[in-house]
$ cat input19.txt   # compact mmCIF, C-alpha atoms
# COMPACT_ATOMS: atom_id res chain seq x y z
CA MET A 1 -5.08 -24.69 6.30
CA ASP A 2 -1.45 -23.78 6.82
CA ARG A 3 0.38 -21.51 9.22
CA LEU A 4 2.43 -18.94 7.29
CA SER A 5 6.06 -18.06 7.76
CA ASN A 6 6.50 -14.55 6.37
CA THR A 7 9.33 -12.26 5.27
CA VAL A 8 9.83 -8.82 6.81
CA ARG A 9 11.23 -6.27 4.35
CA PRO A 10 13.84 -3.86 5.85
CA TYR A 11 13.11 -0.75 3.77
CA ALA A 12 14.82 2.37 5.08
CA TRP A 13 11.54 4.17 5.88
CA GLY A 14 10.34 1.38 8.16
CA SER A 15 9.78 1.66 11.89
CA THR A 16 12.33 -0.11 14.05
CA THR A 17 9.78 -0.93 16.76
CA ALA A 18 6.17 -1.21 15.47
CA ILE A 19 6.23 -4.72 13.96
CA PRO A 20 8.38 -6.17 16.78
CA ALA A 21 5.94 -4.66 19.33
CA LEU A 22 3.00 -6.36 17.60
CA LEU A 23 4.84 -9.68 17.34
CA GLY A 24 6.12 -9.49 20.91
CA THR A 25 9.75 -9.78 19.78
CA ALA A 26 12.81 -7.68 20.55
CA PRO A 27 13.70 -4.94 18.05
CA THR A 28 16.85 -5.58 16.07
CA GLY A 29 17.68 -1.91 15.65
CA GLU A 30 17.12 -2.21 11.91
CA PRO A 31 13.99 -0.88 10.15
CA GLN A 32 11.20 -3.44 9.76
CA ALA A 33 8.91 -1.89 7.17
CA GLU A 34 6.61 -4.55 5.71
CA MET A 35 5.70 -8.14 6.52
CA TRP A 36 4.43 -9.82 3.35
CA MET A 37 1.72 -12.48 3.45
CA GLY A 38 0.86 -14.19 0.20
CA ALA A 39 2.41 -15.53 -2.99
CA HIS A 40 4.38 -12.60 -4.38
CA PRO A 41 7.36 -14.06 -6.25
CA GLY A 42 9.71 -11.55 -4.61
CA ALA A 43 9.05 -12.83 -1.07
CA PRO A 44 6.43 -15.59 -0.96
CA SER A 45 5.13 -16.84 2.36
CA ARG A 46 6.24 -20.34 3.30
CA ILE A 47 4.29 -23.32 4.61
CA THR A 48 5.27 -26.82 5.73
CA ARG A 49 2.92 -28.59 3.29
CA PRO A 50 4.86 -29.68 0.20
CA ALA A 51 3.76 -28.89 -3.32
CA GLU A 52 1.80 -31.69 -4.95
CA GLY A 53 4.08 -34.36 -6.33
CA THR A 54 7.02 -33.54 -4.07
CA ALA A 55 8.09 -35.03 -0.78
CA PRO A 56 9.29 -33.12 2.28
CA THR A 57 12.95 -33.39 3.21
CA THR A 58 13.55 -35.74 6.11
CA GLY A 59 15.16 -34.37 9.22
CA THR A 60 14.41 -33.01 12.66
CA ALA A 61 13.03 -29.65 11.52
CA PRO A 62 10.03 -29.39 9.17
CA THR A 63 10.83 -28.24 5.66
CA GLU A 64 9.16 -25.05 4.45
CA PHE A 65 7.84 -24.66 0.92
CA PRO A 66 7.06 -21.39 -0.90
CA LEU A 67 3.33 -20.78 -1.20
CA THR A 68 3.98 -19.93 -4.87
CA ASP A 69 5.09 -23.53 -5.49
CA VAL A 70 2.13 -25.04 -3.68
CA ILE A 71 -0.33 -22.93 -5.71
CA ALA A 72 1.48 -23.60 -8.99
CA ALA A 73 1.22 -27.38 -8.42
CA ASP A 74 -2.60 -27.28 -8.09
CA PRO A 75 -4.04 -23.84 -8.96
CA GLU A 76 -7.72 -24.82 -9.03
CA GLY A 77 -7.44 -26.87 -5.85
CA GLU A 78 -5.81 -24.00 -3.97
CA LEU A 79 -7.53 -20.96 -5.50
CA GLY A 80 -10.82 -22.33 -6.81
CA ALA A 81 -11.87 -22.58 -10.46
CA ALA A 82 -13.51 -19.14 -10.52
CA THR A 83 -10.38 -17.36 -9.26
CA VAL A 84 -8.15 -19.16 -11.76
CA ALA A 85 -10.54 -18.41 -14.62
CA ARG A 86 -10.51 -14.70 -13.77
CA TYR A 87 -6.91 -14.06 -12.66
CA GLY A 88 -4.91 -17.03 -13.84
CA PRO A 89 -3.02 -19.54 -11.67
CA ARG A 90 -1.86 -17.04 -9.04
CA LEU A 91 -3.08 -15.50 -5.82
CA PRO A 92 -4.35 -12.10 -7.02
CA PHE A 93 -3.73 -10.16 -3.80
CA LEU A 94 -0.92 -9.47 -1.35
CA LEU A 95 -1.51 -8.78 2.36
CA LYS A 96 0.99 -6.83 4.45
CA LEU A 97 1.70 -5.41 7.85
CA LEU A 98 3.09 -1.95 7.02
CA ALA A 99 5.04 0.04 9.63
CA ALA A 100 6.10 3.52 8.54
CA GLY A 101 8.65 5.29 10.71
CA ALA A 102 9.41 7.87 8.01
CA PRO A 103 7.51 9.03 4.91
CA LEU A 104 7.31 6.63 1.99
CA SER A 105 7.84 7.90 -1.53
CA LEU A 106 5.11 10.06 -3.03
CA GLN A 107 3.61 7.73 -5.64
CA VAL A 108 0.76 6.81 -7.95
CA HIS A 109 -0.40 3.58 -9.60
CA PRO A 110 -1.65 3.00 -13.17
CA ASP A 111 -5.03 1.56 -14.11
CA LEU A 112 -5.19 -1.85 -15.78
CA ASP A 113 -5.11 -0.57 -19.37
CA GLN A 114 -2.21 1.78 -18.63
CA ALA A 115 -0.27 -1.03 -16.95
CA ARG A 116 -0.77 -3.39 -19.88
CA GLU A 117 0.21 -0.73 -22.42
CA GLY A 118 3.23 0.45 -20.44
CA TYR A 119 4.50 -3.07 -19.77
CA ALA A 120 4.12 -4.09 -23.43
CA ASP A 121 5.93 -0.95 -24.57
CA GLU A 122 8.93 -1.47 -22.28
CA GLU A 123 9.08 -5.16 -23.19
CA ALA A 124 9.07 -4.26 -26.90
CA ARG A 125 11.88 -1.73 -26.33
CA GLY A 126 13.93 -4.32 -24.46
CA VAL A 127 14.13 -2.45 -21.16
CA PRO A 128 15.35 -5.00 -18.57
CA VAL A 129 12.70 -5.62 -15.94
CA ASP A 130 15.25 -4.95 -13.19
CA ALA A 131 16.61 -1.74 -14.74
CA PRO A 132 16.45 1.22 -12.34
CA HIS A 133 14.70 3.33 -14.99
CA ARG A 134 12.10 0.64 -15.74
CA THR A 135 8.59 1.93 -14.93
CA TYR A 136 6.33 -1.09 -15.43
CA LYS A 137 7.41 -4.29 -13.70
CA ASP A 138 4.31 -6.25 -14.76
CA ALA A 139 1.06 -5.87 -16.69
CA ASN A 140 -1.25 -5.45 -13.68
CA HIS A 141 -2.75 -2.51 -11.84
CA LYS A 142 -2.29 -1.97 -8.10
CA PRO A 143 -5.36 -0.73 -6.22
CA GLU A 144 -4.66 -0.87 -2.49
CA LEU A 145 -6.26 -0.39 0.92
CA ILE A 146 -4.52 0.61 4.15
CA CYS A 147 -6.31 0.02 7.47
CA ALA A 148 -4.82 1.64 10.58
CA LEU A 149 -3.88 -0.45 13.60
CA THR A 150 -2.43 2.61 15.36
CA PRO A 151 -2.92 6.31 14.63
CA PHE A 152 -1.73 6.56 11.04
CA ASP A 153 -0.76 9.66 9.01
CA GLY A 154 -0.73 9.91 5.25
CA LEU A 155 -1.29 11.99 2.14
CA CYS A 156 -4.08 11.01 -0.25
CA GLY A 157 -5.32 12.75 -3.40
CA PHE A 158 -5.16 16.39 -4.44
CA ARG A 159 -6.77 19.01 -2.26
CA ARG A 160 -8.42 22.13 -3.66
CA PRO A 161 -5.84 24.28 -5.48
CA THR A 162 -6.87 27.33 -3.46
CA GLU A 163 -6.17 25.44 -0.23
CA ALA A 164 -2.72 24.45 -1.51
CA ALA A 165 -2.12 28.08 -2.55
CA ASP A 166 -3.03 29.32 0.93
CA ALA A 167 -0.65 26.80 2.54
CA MET A 168 2.24 27.79 0.27
CA GLU A 169 1.60 31.51 0.59
CA ALA A 170 1.62 31.29 4.39
CA LEU A 171 5.25 30.13 4.25
CA GLY A 172 6.33 33.55 2.98
CA VAL A 173 8.86 32.11 0.51
CA ASP A 174 9.24 34.41 -2.51
CA SER A 175 10.21 31.63 -4.92
CA LEU A 176 6.89 29.89 -4.24
CA LYS A 177 4.86 32.85 -5.46
CA PRO A 178 4.69 31.62 -9.10
CA TYR A 179 3.12 28.36 -7.85
CA VAL A 180 0.68 30.26 -5.67
CA ASP A 181 -0.37 32.42 -8.62
CA LEU A 182 -0.81 29.38 -10.87
CA LEU A 183 -2.97 27.62 -8.30
CA ARG A 184 -5.25 30.63 -8.07
CA ALA A 185 -5.37 31.68 -11.72
CA HIS A 186 -6.33 28.50 -13.57
CA PRO A 187 -9.16 25.98 -13.61
CA GLU A 188 -8.65 23.20 -11.08
CA GLU A 189 -7.22 20.47 -13.30
CA ALA A 190 -4.93 22.82 -15.22
CA ALA A 191 -3.69 24.43 -11.99
CA LEU A 192 -2.69 21.12 -10.41
CA ARG A 193 -1.09 19.84 -13.60
CA GLU A 194 0.94 23.02 -14.20
CA VAL A 195 2.22 23.27 -10.65
CA LEU A 196 3.22 19.59 -10.35
CA THR A 197 4.90 19.79 -13.76
CA ALA A 198 6.77 22.94 -12.72
CA ILE A 199 7.91 21.42 -9.41
CA LEU A 200 9.23 18.22 -10.98
CA GLY A 201 10.82 20.05 -13.91
CA ALA A 202 12.60 22.81 -11.99
CA ASP A 203 16.37 23.10 -11.67
CA PRO A 204 17.39 20.74 -8.81
CA ALA A 205 19.83 23.19 -7.20
CA GLU A 206 17.36 26.08 -7.21
CA MET A 207 14.60 23.79 -5.97
CA ALA A 208 16.76 22.58 -3.08
CA ASP A 209 17.08 26.15 -1.82
CA THR A 210 13.33 26.72 -2.15
CA VAL A 211 12.57 23.50 -0.29
CA ALA A 212 14.99 24.43 2.49
CA GLU A 213 13.32 27.82 2.93
CA ALA A 214 9.87 26.26 2.85
CA ALA A 215 10.85 23.61 5.39
CA ALA A 216 12.26 26.19 7.81
CA ALA A 217 9.09 28.27 7.50
CA ALA A 218 6.87 25.19 8.01
CA GLU A 219 8.76 24.31 11.16
CA ARG A 220 8.32 27.86 12.51
CA LEU A 221 4.61 27.90 11.72
CA GLY A 222 3.81 24.41 13.05
CA GLY A 223 0.16 23.40 13.18
CA ALA A 224 -1.11 22.40 9.75
CA HIS A 225 2.39 22.94 8.32
CA ALA A 226 4.09 20.54 10.74
CA PRO A 227 3.72 17.45 8.51
CA TYR A 228 5.65 19.15 5.72
CA ALA A 229 8.46 20.11 8.09
CA ARG A 230 8.61 16.47 9.16
CA ILE A 231 8.71 15.28 5.54
CA ALA A 232 11.48 17.76 4.72
CA HIS A 233 13.50 16.52 7.71
CA HIS A 234 13.65 13.07 6.09
CA TYR A 235 14.04 14.34 2.50
CA PRO A 236 15.98 17.64 2.64
CA GLY A 237 15.88 19.49 -0.65
CA ASP A 238 13.54 16.99 -2.32
CA PRO A 239 10.94 18.66 -4.61
CA GLY A 240 8.46 16.10 -3.34
CA VAL A 241 8.17 18.20 -0.17
CA LEU A 242 6.42 20.87 -2.25
CA ALA A 243 4.43 18.30 -4.24
CA ALA A 244 3.17 16.96 -0.91
CA MET A 245 1.60 20.35 -0.14
CA LEU A 246 -0.77 19.78 -3.06
CA LEU A 247 -2.29 16.73 -1.33
CA ASN A 248 -4.82 16.08 1.40
CA TYR A 249 -3.24 15.34 4.78
CA VAL A 250 -5.14 12.51 6.51
CA GLN A 251 -4.96 11.18 10.06
CA LEU A 252 -6.53 7.73 10.49
CA GLN A 253 -7.61 6.31 13.82
CA PRO A 254 -7.37 2.55 14.47
CA GLY A 255 -9.94 0.72 12.37
CA GLU A 256 -10.21 3.49 9.76
CA ALA A 257 -8.92 2.92 6.24
CA LEU A 258 -8.06 4.56 2.92
CA PHE A 259 -8.59 3.11 -0.53
CA LEU A 260 -6.05 4.19 -3.17
CA GLY A 261 -7.29 3.78 -6.72
CA ALA A 262 -5.50 4.35 -10.01
CA GLY A 263 -4.06 7.80 -10.65
CA VAL A 264 -4.40 9.01 -7.04
CA PRO A 265 -1.11 10.41 -5.65
CA HIS A 266 -0.42 9.33 -2.09
CA ALA A 267 2.23 8.69 0.55
CA TYR A 268 2.18 7.06 3.97
CA LEU A 269 3.96 9.08 6.67
CA ASP A 270 3.79 7.32 10.03
CA GLY A 271 2.00 4.45 11.75
CA LEU A 272 1.21 0.73 11.68
CA GLY A 273 -1.48 -0.72 9.44
CA VAL A 274 -2.80 -3.72 7.56
CA GLU A 275 -2.40 -3.20 3.81
CA ILE A 276 -3.92 -5.22 1.00
CA MET A 277 -3.36 -4.72 -2.72
CA ALA A 278 -3.57 -6.33 -6.11
CA ASN A 279 -0.45 -8.42 -6.62
CA SER A 280 1.62 -5.95 -8.66
CA ASP A 281 4.86 -3.96 -8.41
CA ASN A 282 3.81 -1.02 -10.61
CA VAL A 283 4.67 2.27 -8.89
CA LEU A 284 5.31 5.66 -10.49
CA ARG A 285 7.06 7.98 -8.07
CA CYS A 286 6.47 11.73 -7.73
CA GLY A 287 9.12 12.56 -5.14
CA LEU A 288 10.50 11.81 -1.67
CA THR A 289 12.82 9.21 -3.16
CA PRO A 290 16.28 8.84 -4.72
CA LYS A 291 14.75 6.43 -7.26
CA HIS A 292 13.94 7.18 -10.89
CA ILE A 293 11.01 9.52 -11.60
CA ASP A 294 9.53 9.16 -15.09
CA VAL A 295 7.97 12.61 -15.30
CA PRO A 296 6.27 12.30 -18.73
CA GLU A 297 4.68 8.94 -17.85
CA LEU A 298 3.76 10.17 -14.39
CA LEU A 299 1.92 13.17 -15.82
CA ARG A 300 0.03 10.81 -18.13
CA ILE A 301 -1.04 8.56 -15.25
CA VAL A 302 -1.95 11.08 -12.54
CA ARG A 303 -5.59 12.12 -12.25
CA PHE A 304 -5.48 15.87 -11.76
CA GLU A 305 -8.66 16.40 -9.78
CA ALA A 306 -9.28 17.53 -6.23
CA THR A 307 -10.87 14.74 -4.19
CA ASP A 308 -12.05 13.97 -0.70
CA PRO A 309 -9.72 11.25 0.61
CA GLY A 310 -12.79 9.23 1.65
CA VAL A 311 -11.92 7.67 5.01
CA LEU A 312 -13.50 4.19 5.20
CA ARG A 313 -15.00 2.51 8.21
CA PRO A 314 -15.99 -1.16 8.17
CA GLU A 315 -19.60 -2.09 7.48
CA ALA A 316 -20.92 -4.61 10.03
CA SER A 317 -23.07 -7.61 9.19
CA PRO A 318 -25.13 -10.03 11.35
CA SER A 319 -22.39 -12.66 10.92
CA GLY A 320 -19.92 -10.43 12.79
CA GLU A 321 -17.95 -9.65 9.66
CA GLU A 322 -16.92 -5.99 9.34
CA ARG A 323 -16.04 -5.43 5.69
CA TYR A 324 -14.18 -2.55 4.09
CA GLU A 325 -16.10 -1.88 0.88
CA THR A 326 -13.97 -0.95 -2.14
CA PRO A 327 -14.35 -1.18 -5.94
CA ALA A 328 -11.40 -3.59 -6.19
CA ASP A 329 -12.04 -7.04 -7.66
CA GLU A 330 -8.75 -8.71 -6.71
CA PHE A 331 -9.24 -8.40 -2.97
CA ALA A 332 -11.62 -7.90 -0.09
CA LEU A 333 -10.61 -7.09 3.49
CA SER A 334 -12.74 -7.82 6.56
CA ARG A 335 -12.25 -7.57 10.30
CA TYR A 336 -13.68 -9.83 13.02
CA THR A 337 -13.71 -8.78 16.66
CA LEU A 338 -14.16 -12.08 18.48
CA ALA A 339 -15.50 -11.86 22.03
CA PRO A 340 -14.66 -14.47 24.68
CA GLY A 341 -17.23 -17.29 24.79
CA ALA A 342 -19.02 -16.15 21.64
CA ALA A 343 -20.11 -18.60 18.96
CA PRO A 344 -17.42 -19.38 16.37
CA ALA A 345 -17.23 -17.11 13.35
CA GLU A 346 -17.93 -19.09 10.19
CA LEU A 347 -15.30 -18.10 7.61
CA THR A 348 -15.72 -20.69 4.84
CA VAL A 349 -15.79 -19.11 1.36
CA PRO A 350 -15.21 -20.42 -2.19
CA THR A 351 -12.07 -18.28 -2.59
CA PRO A 352 -8.58 -18.50 -1.01
CA GLN A 353 -8.04 -16.64 2.26
CA ILE A 354 -5.25 -15.30 4.43
CA LEU A 355 -6.25 -14.78 8.07
CA LEU A 356 -4.16 -12.45 10.25
CA CYS A 357 -4.44 -11.99 14.02
CA THR A 358 -3.74 -8.45 15.25
CA ALA A 359 -4.88 -8.65 18.91
CA GLY A 360 -5.54 -11.28 21.55
CA THR A 361 -5.39 -14.98 20.73
CA VAL A 362 -7.55 -16.32 17.93
CA ARG A 363 -8.11 -20.03 17.38
CA VAL A 364 -8.53 -20.87 13.69
CA GLY A 365 -9.33 -24.54 13.22
CA ALA A 366 -6.70 -26.32 15.29
CA LEU A 367 -4.21 -23.42 15.22
CA ASP A 368 -3.81 -20.64 17.79
CA LEU A 369 -2.76 -17.28 16.36
CA THR A 370 -1.21 -14.47 18.36
CA PRO A 371 -0.67 -10.92 17.04
CA GLY A 372 1.19 -10.89 13.74
CA GLN A 373 0.63 -14.58 13.02
CA SER A 374 -1.32 -15.70 9.97
CA VAL A 375 -2.67 -18.71 8.09
CA TYR A 376 -3.45 -19.53 4.47
CA VAL A 377 -6.77 -21.26 3.77
CA PRO A 378 -7.35 -22.85 0.34
CA ALA A 379 -10.59 -22.14 -1.50
CA ALA A 380 -13.73 -23.73 -0.01
CA GLU A 381 -11.88 -25.27 2.95
CA ALA A 382 -14.13 -25.24 6.02
CA VAL A 383 -12.83 -22.90 8.71
CA GLU A 384 -14.11 -21.30 11.92
CA ALA A 385 -12.52 -18.86 14.35
CA THR A 386 -12.97 -18.10 18.04
CA GLY A 387 -11.44 -15.47 20.28
CA PRO A 388 -10.92 -13.46 22.26
CA GLY A 389 -9.07 -11.41 19.70
CA THR A 390 -9.12 -9.51 16.42
CA LEU A 391 -8.79 -11.24 13.07
CA PHE A 392 -8.42 -9.73 9.60
CA ARG A 393 -9.50 -11.74 6.59
CA ALA A 394 -8.07 -11.15 3.10
CA THR A 395 -9.72 -12.90 0.20
CA VAL A 396 -10.83 -12.36 -3.39
CA ALA A 397 -13.83 -10.06 -3.83
CA ALA A 398 -17.01 -11.98 -4.60
$ encode --input "input19.txt" --output "structure tokens"
Amino acid sequence: MDRLSNTVRPYAWGSTTAIPALLGTAPTGEPQAEMWMGAHPGAPSRITRPAEGTAPTTGTAPTEFPLTDVIAADPEGELGAATVARYGPRLPFLLKLLAAGAPLSLQVHPDLDQAREGYADEEARGVPVDAPHRTYKDANHKPELICALTPFDGLCGFRRPTEAADAMEALGVDSLKPYVDLLRAHPEEAALREVLTAILGADPAEMADTVAEAAAAAERLGGAHAPYARIAHHYPGDPGVLAAMLLNYVQLQPGEALFLGAGVPHAYLDGLGVEIMANSDNVLRCGLTPKHIDVPELLRIVRFEATDPGVLRPEASPSGEERYETPADEFALSRYTLAPGAAPAELTVPTPQILLCTAGTVRVGALDLTPGQSVYVPAAEAVEATGPGTLFRATVAA
């Protein structure tokens, strides 16, 4: 078992206070958007145990080694034979603390077949993997789960076209009338497809004026329109403001979660949460971003169907594990609420784990974890935890 040293990503949409408040550190004044825990090559966690076959550097301070190197030196020893056989010699999930202070980009993720096809196509065409117009960074899909630690706002999946039509019509903006008519005149899938296509394909200058009018009307109306006024404040003139009105607005309470599968458009707006996902960088953006939007590929990937966002609550077991059930294979997320003086929670499993404390003080083996601190546990290593505190466990789905 190893204590993790993790990187905080300073994306512009990040909260300046939420992660520091959890960690008990002073804000820097800069956004602190995501703390990554895992073996993503872009920002792997670090541990003081050297990779097999290497020796630590001598000196007064312990040397840190990327978790990627440690796993690469002994994949089966770290991940277990079953995980390596299924996913290769890599940790198949990434755990994060996510702190949104402003809306993230409106986005969607491909399924596994789409990711493999898209990645192979761009590789064959010689598109550099770091090119700004590159769509597929790898050949993996990216199902994800966000669990709220504070009240958490987001957008998730298309709502009924008639509901979106009512919301747009209430703004009283003449240039939105064609979208309102489309949403009411077509079958559900065709209505959503035509309106999103029209929004993303419209003249940018004309759309900026429409968005400005819609934002001013949303601010006047307030209530159910307030989230769209807030989005427009951060992204003035962005067509994604109108695309957002096609989606379900969701407010999570602490402990509640959302699962985001392939083809489901979504955006996080505000709040602090624990996020887990398959270890991939594949994102197709629909708006609320200055980055490249591949409209034809996006329209191929999006699932144009109205859905209930499906708020998840953990399912308790006699062991004290509260598990968030999802169809994902690469990851499983559980929560343990550890009472003072209670028997230790037995956490040993045949798969690798990352354990994250979010409240109180949790003792894991010989290590004490305070909020925001985490440990990596290799496959099948015996481990117990005691409180008082709250512990999240990320591992590979059984």
$ atom_distance --input "input19.txt" --atom1 "atom CA of Leu171 of chain A" --atom2 "atom CA of Glu219 of chain A"
9.7 Å
$ residues_around --input "input19.txt" --residues "Gly172 of chain A" --least-positions-apart "4" --cutoff "10 Å" --atoms "only C-alpha atoms" --output "list in words"
Ala167, Met168, Leu176, Lys177, Glu213, Ala214, Ala217 and Ala218 of chain A
$ residues_around --input "input19.txt" --residues "Asn279 of chain A" --least-positions-apart "3" --cutoff "9 Å" --atoms "only C-alpha atoms" --output "list in words"
Ala39, His40, Leu91, Pro92, Phe93, Leu94, Asn140, His141, Lys142, Ile276 and Glu330 of chain A
$ residues_around --input "input19.txt" --residues "Gly263 of chain A" --least-positions-apart "5" --cutoff "6 Å" --atoms "only C-alpha atoms" --output "list in words"
Val108, His109, Pro110, Ile301, Val302 and Arg303 of chain A
$ atom_distance --input "input19.txt" --atom1 "atom CA of Gly287 of chain A" --atom2 "atom CA of Gly157 of chain A"
14.5 Å
$ decode --input "input19.txt" --residues "segment 295-307 of chain A" --atoms "N, CA, C and O atoms" --output "mmCIF file, in the first residue's frame"
data_model
loop_
_atom_site.group_PDB
_atom_site.id
_atom_site.type_symbol
_atom_site.label_atom_id
_atom_site.label_comp_id
_atom_site.auth_asym_id
_atom_site.auth_seq_id
_atom_site.Cartn_x
_atom_site.Cartn_y
_atom_site.Cartn_z
ATOM 1 N N VAL A 295 -18.424 18.791 -35.781
ATOM 2 C CA VAL A 295 -19.876 18.641 -35.858
ATOM 3 C C VAL A 295 -20.298 17.338 -36.535
ATOM 4 O O VAL A 295 -21.149 16.615 -36.001
ATOM 5 N N PRO A 296 -19.751 16.971 -37.701
ATOM 6 C CA PRO A 296 -20.197 15.720 -38.318
ATOM 7 C C PRO A 296 -19.976 14.499 -37.429
ATOM 8 O O PRO A 296 -20.850 13.632 -37.319
ATOM 9 N N GLU A 297 -18.792 14.423 -36.797
ATOM 10 C CA GLU A 297 -18.523 13.264 -35.926
ATOM 11 C C GLU A 297 -19.396 13.314 -34.677
ATOM 12 O O GLU A 297 -19.889 12.285 -34.205
ATOM 13 N N LEU A 298 -19.594 14.498 -34.147
ATOM 14 C CA LEU A 298 -20.464 14.650 -32.983
ATOM 15 C C LEU A 298 -21.866 14.133 -33.274
ATOM 16 O O LEU A 298 -22.449 13.385 -32.475
ATOM 17 N N LEU A 299 -22.408 14.501 -34.418
ATOM 18 C CA LEU A 299 -23.768 14.081 -34.758
ATOM 19 C C LEU A 299 -23.855 12.572 -34.996
ATOM 20 O O LEU A 299 -24.923 11.978 -34.862
ATOM 21 N N ARG A 300 -22.716 11.959 -35.324
ATOM 22 C CA ARG A 300 -22.691 10.506 -35.466
ATOM 23 C C ARG A 300 -22.659 9.804 -34.111
ATOM 24 O O ARG A 300 -23.190 8.697 -33.957
ATOM 25 N N ILE A 301 -22.062 10.455 -33.123
ATOM 26 C CA ILE A 301 -21.848 9.842 -31.814
ATOM 27 C C ILE A 301 -23.041 10.037 -30.879
ATOM 28 O O ILE A 301 -23.391 9.154 -30.093
ATOM 29 N N VAL A 302 -23.665 11.211 -30.930
ATOM 30 C CA VAL A 302 -24.735 11.544 -29.984
ATOM 31 C C VAL A 302 -25.929 10.602 -30.141
ATOM 32 O O VAL A 302 -26.333 10.278 -31.256
ATOM 33 N N ARG A 303 -26.484 10.196 -29.033
ATOM 34 C CA ARG A 303 -27.713 9.405 -29.028
ATOM 35 C C ARG A 303 -28.894 10.356 -28.845
ATOM 36 O O ARG A 303 -29.103 10.903 -27.760
ATOM 37 N N PHE A 304 -29.639 10.539 -29.912
ATOM 38 C CA PHE A 304 -30.733 11.508 -29.902
ATOM 39 C C PHE A 304 -31.996 10.841 -29.360
ATOM 40 O O PHE A 304 -32.895 10.449 -30.107
ATOM 41 N N GLU A 305 -32.057 10.752 -28.054
ATOM 42 C CA GLU A 305 -33.242 10.202 -27.400
ATOM 43 C C GLU A 305 -33.412 10.880 -26.057
ATOM 44 O O GLU A 305 -32.441 11.146 -25.351
ATOM 45 N N ALA A 306 -34.653 11.204 -25.726
ATOM 46 C CA ALA A 306 -34.941 11.812 -24.430
ATOM 47 C C ALA A 306 -34.797 10.750 -23.346
ATOM 48 O O ALA A 306 -35.283 9.621 -23.500
ATOM 49 N N THR A 307 -34.119 11.094 -22.257
ATOM 50 C CA THR A 307 -33.862 10.130 -21.193
ATOM 51 C C THR A 307 -34.063 10.774 -19.829
ATOM 52 O O THR A 307 -33.915 11.984 -19.665
#
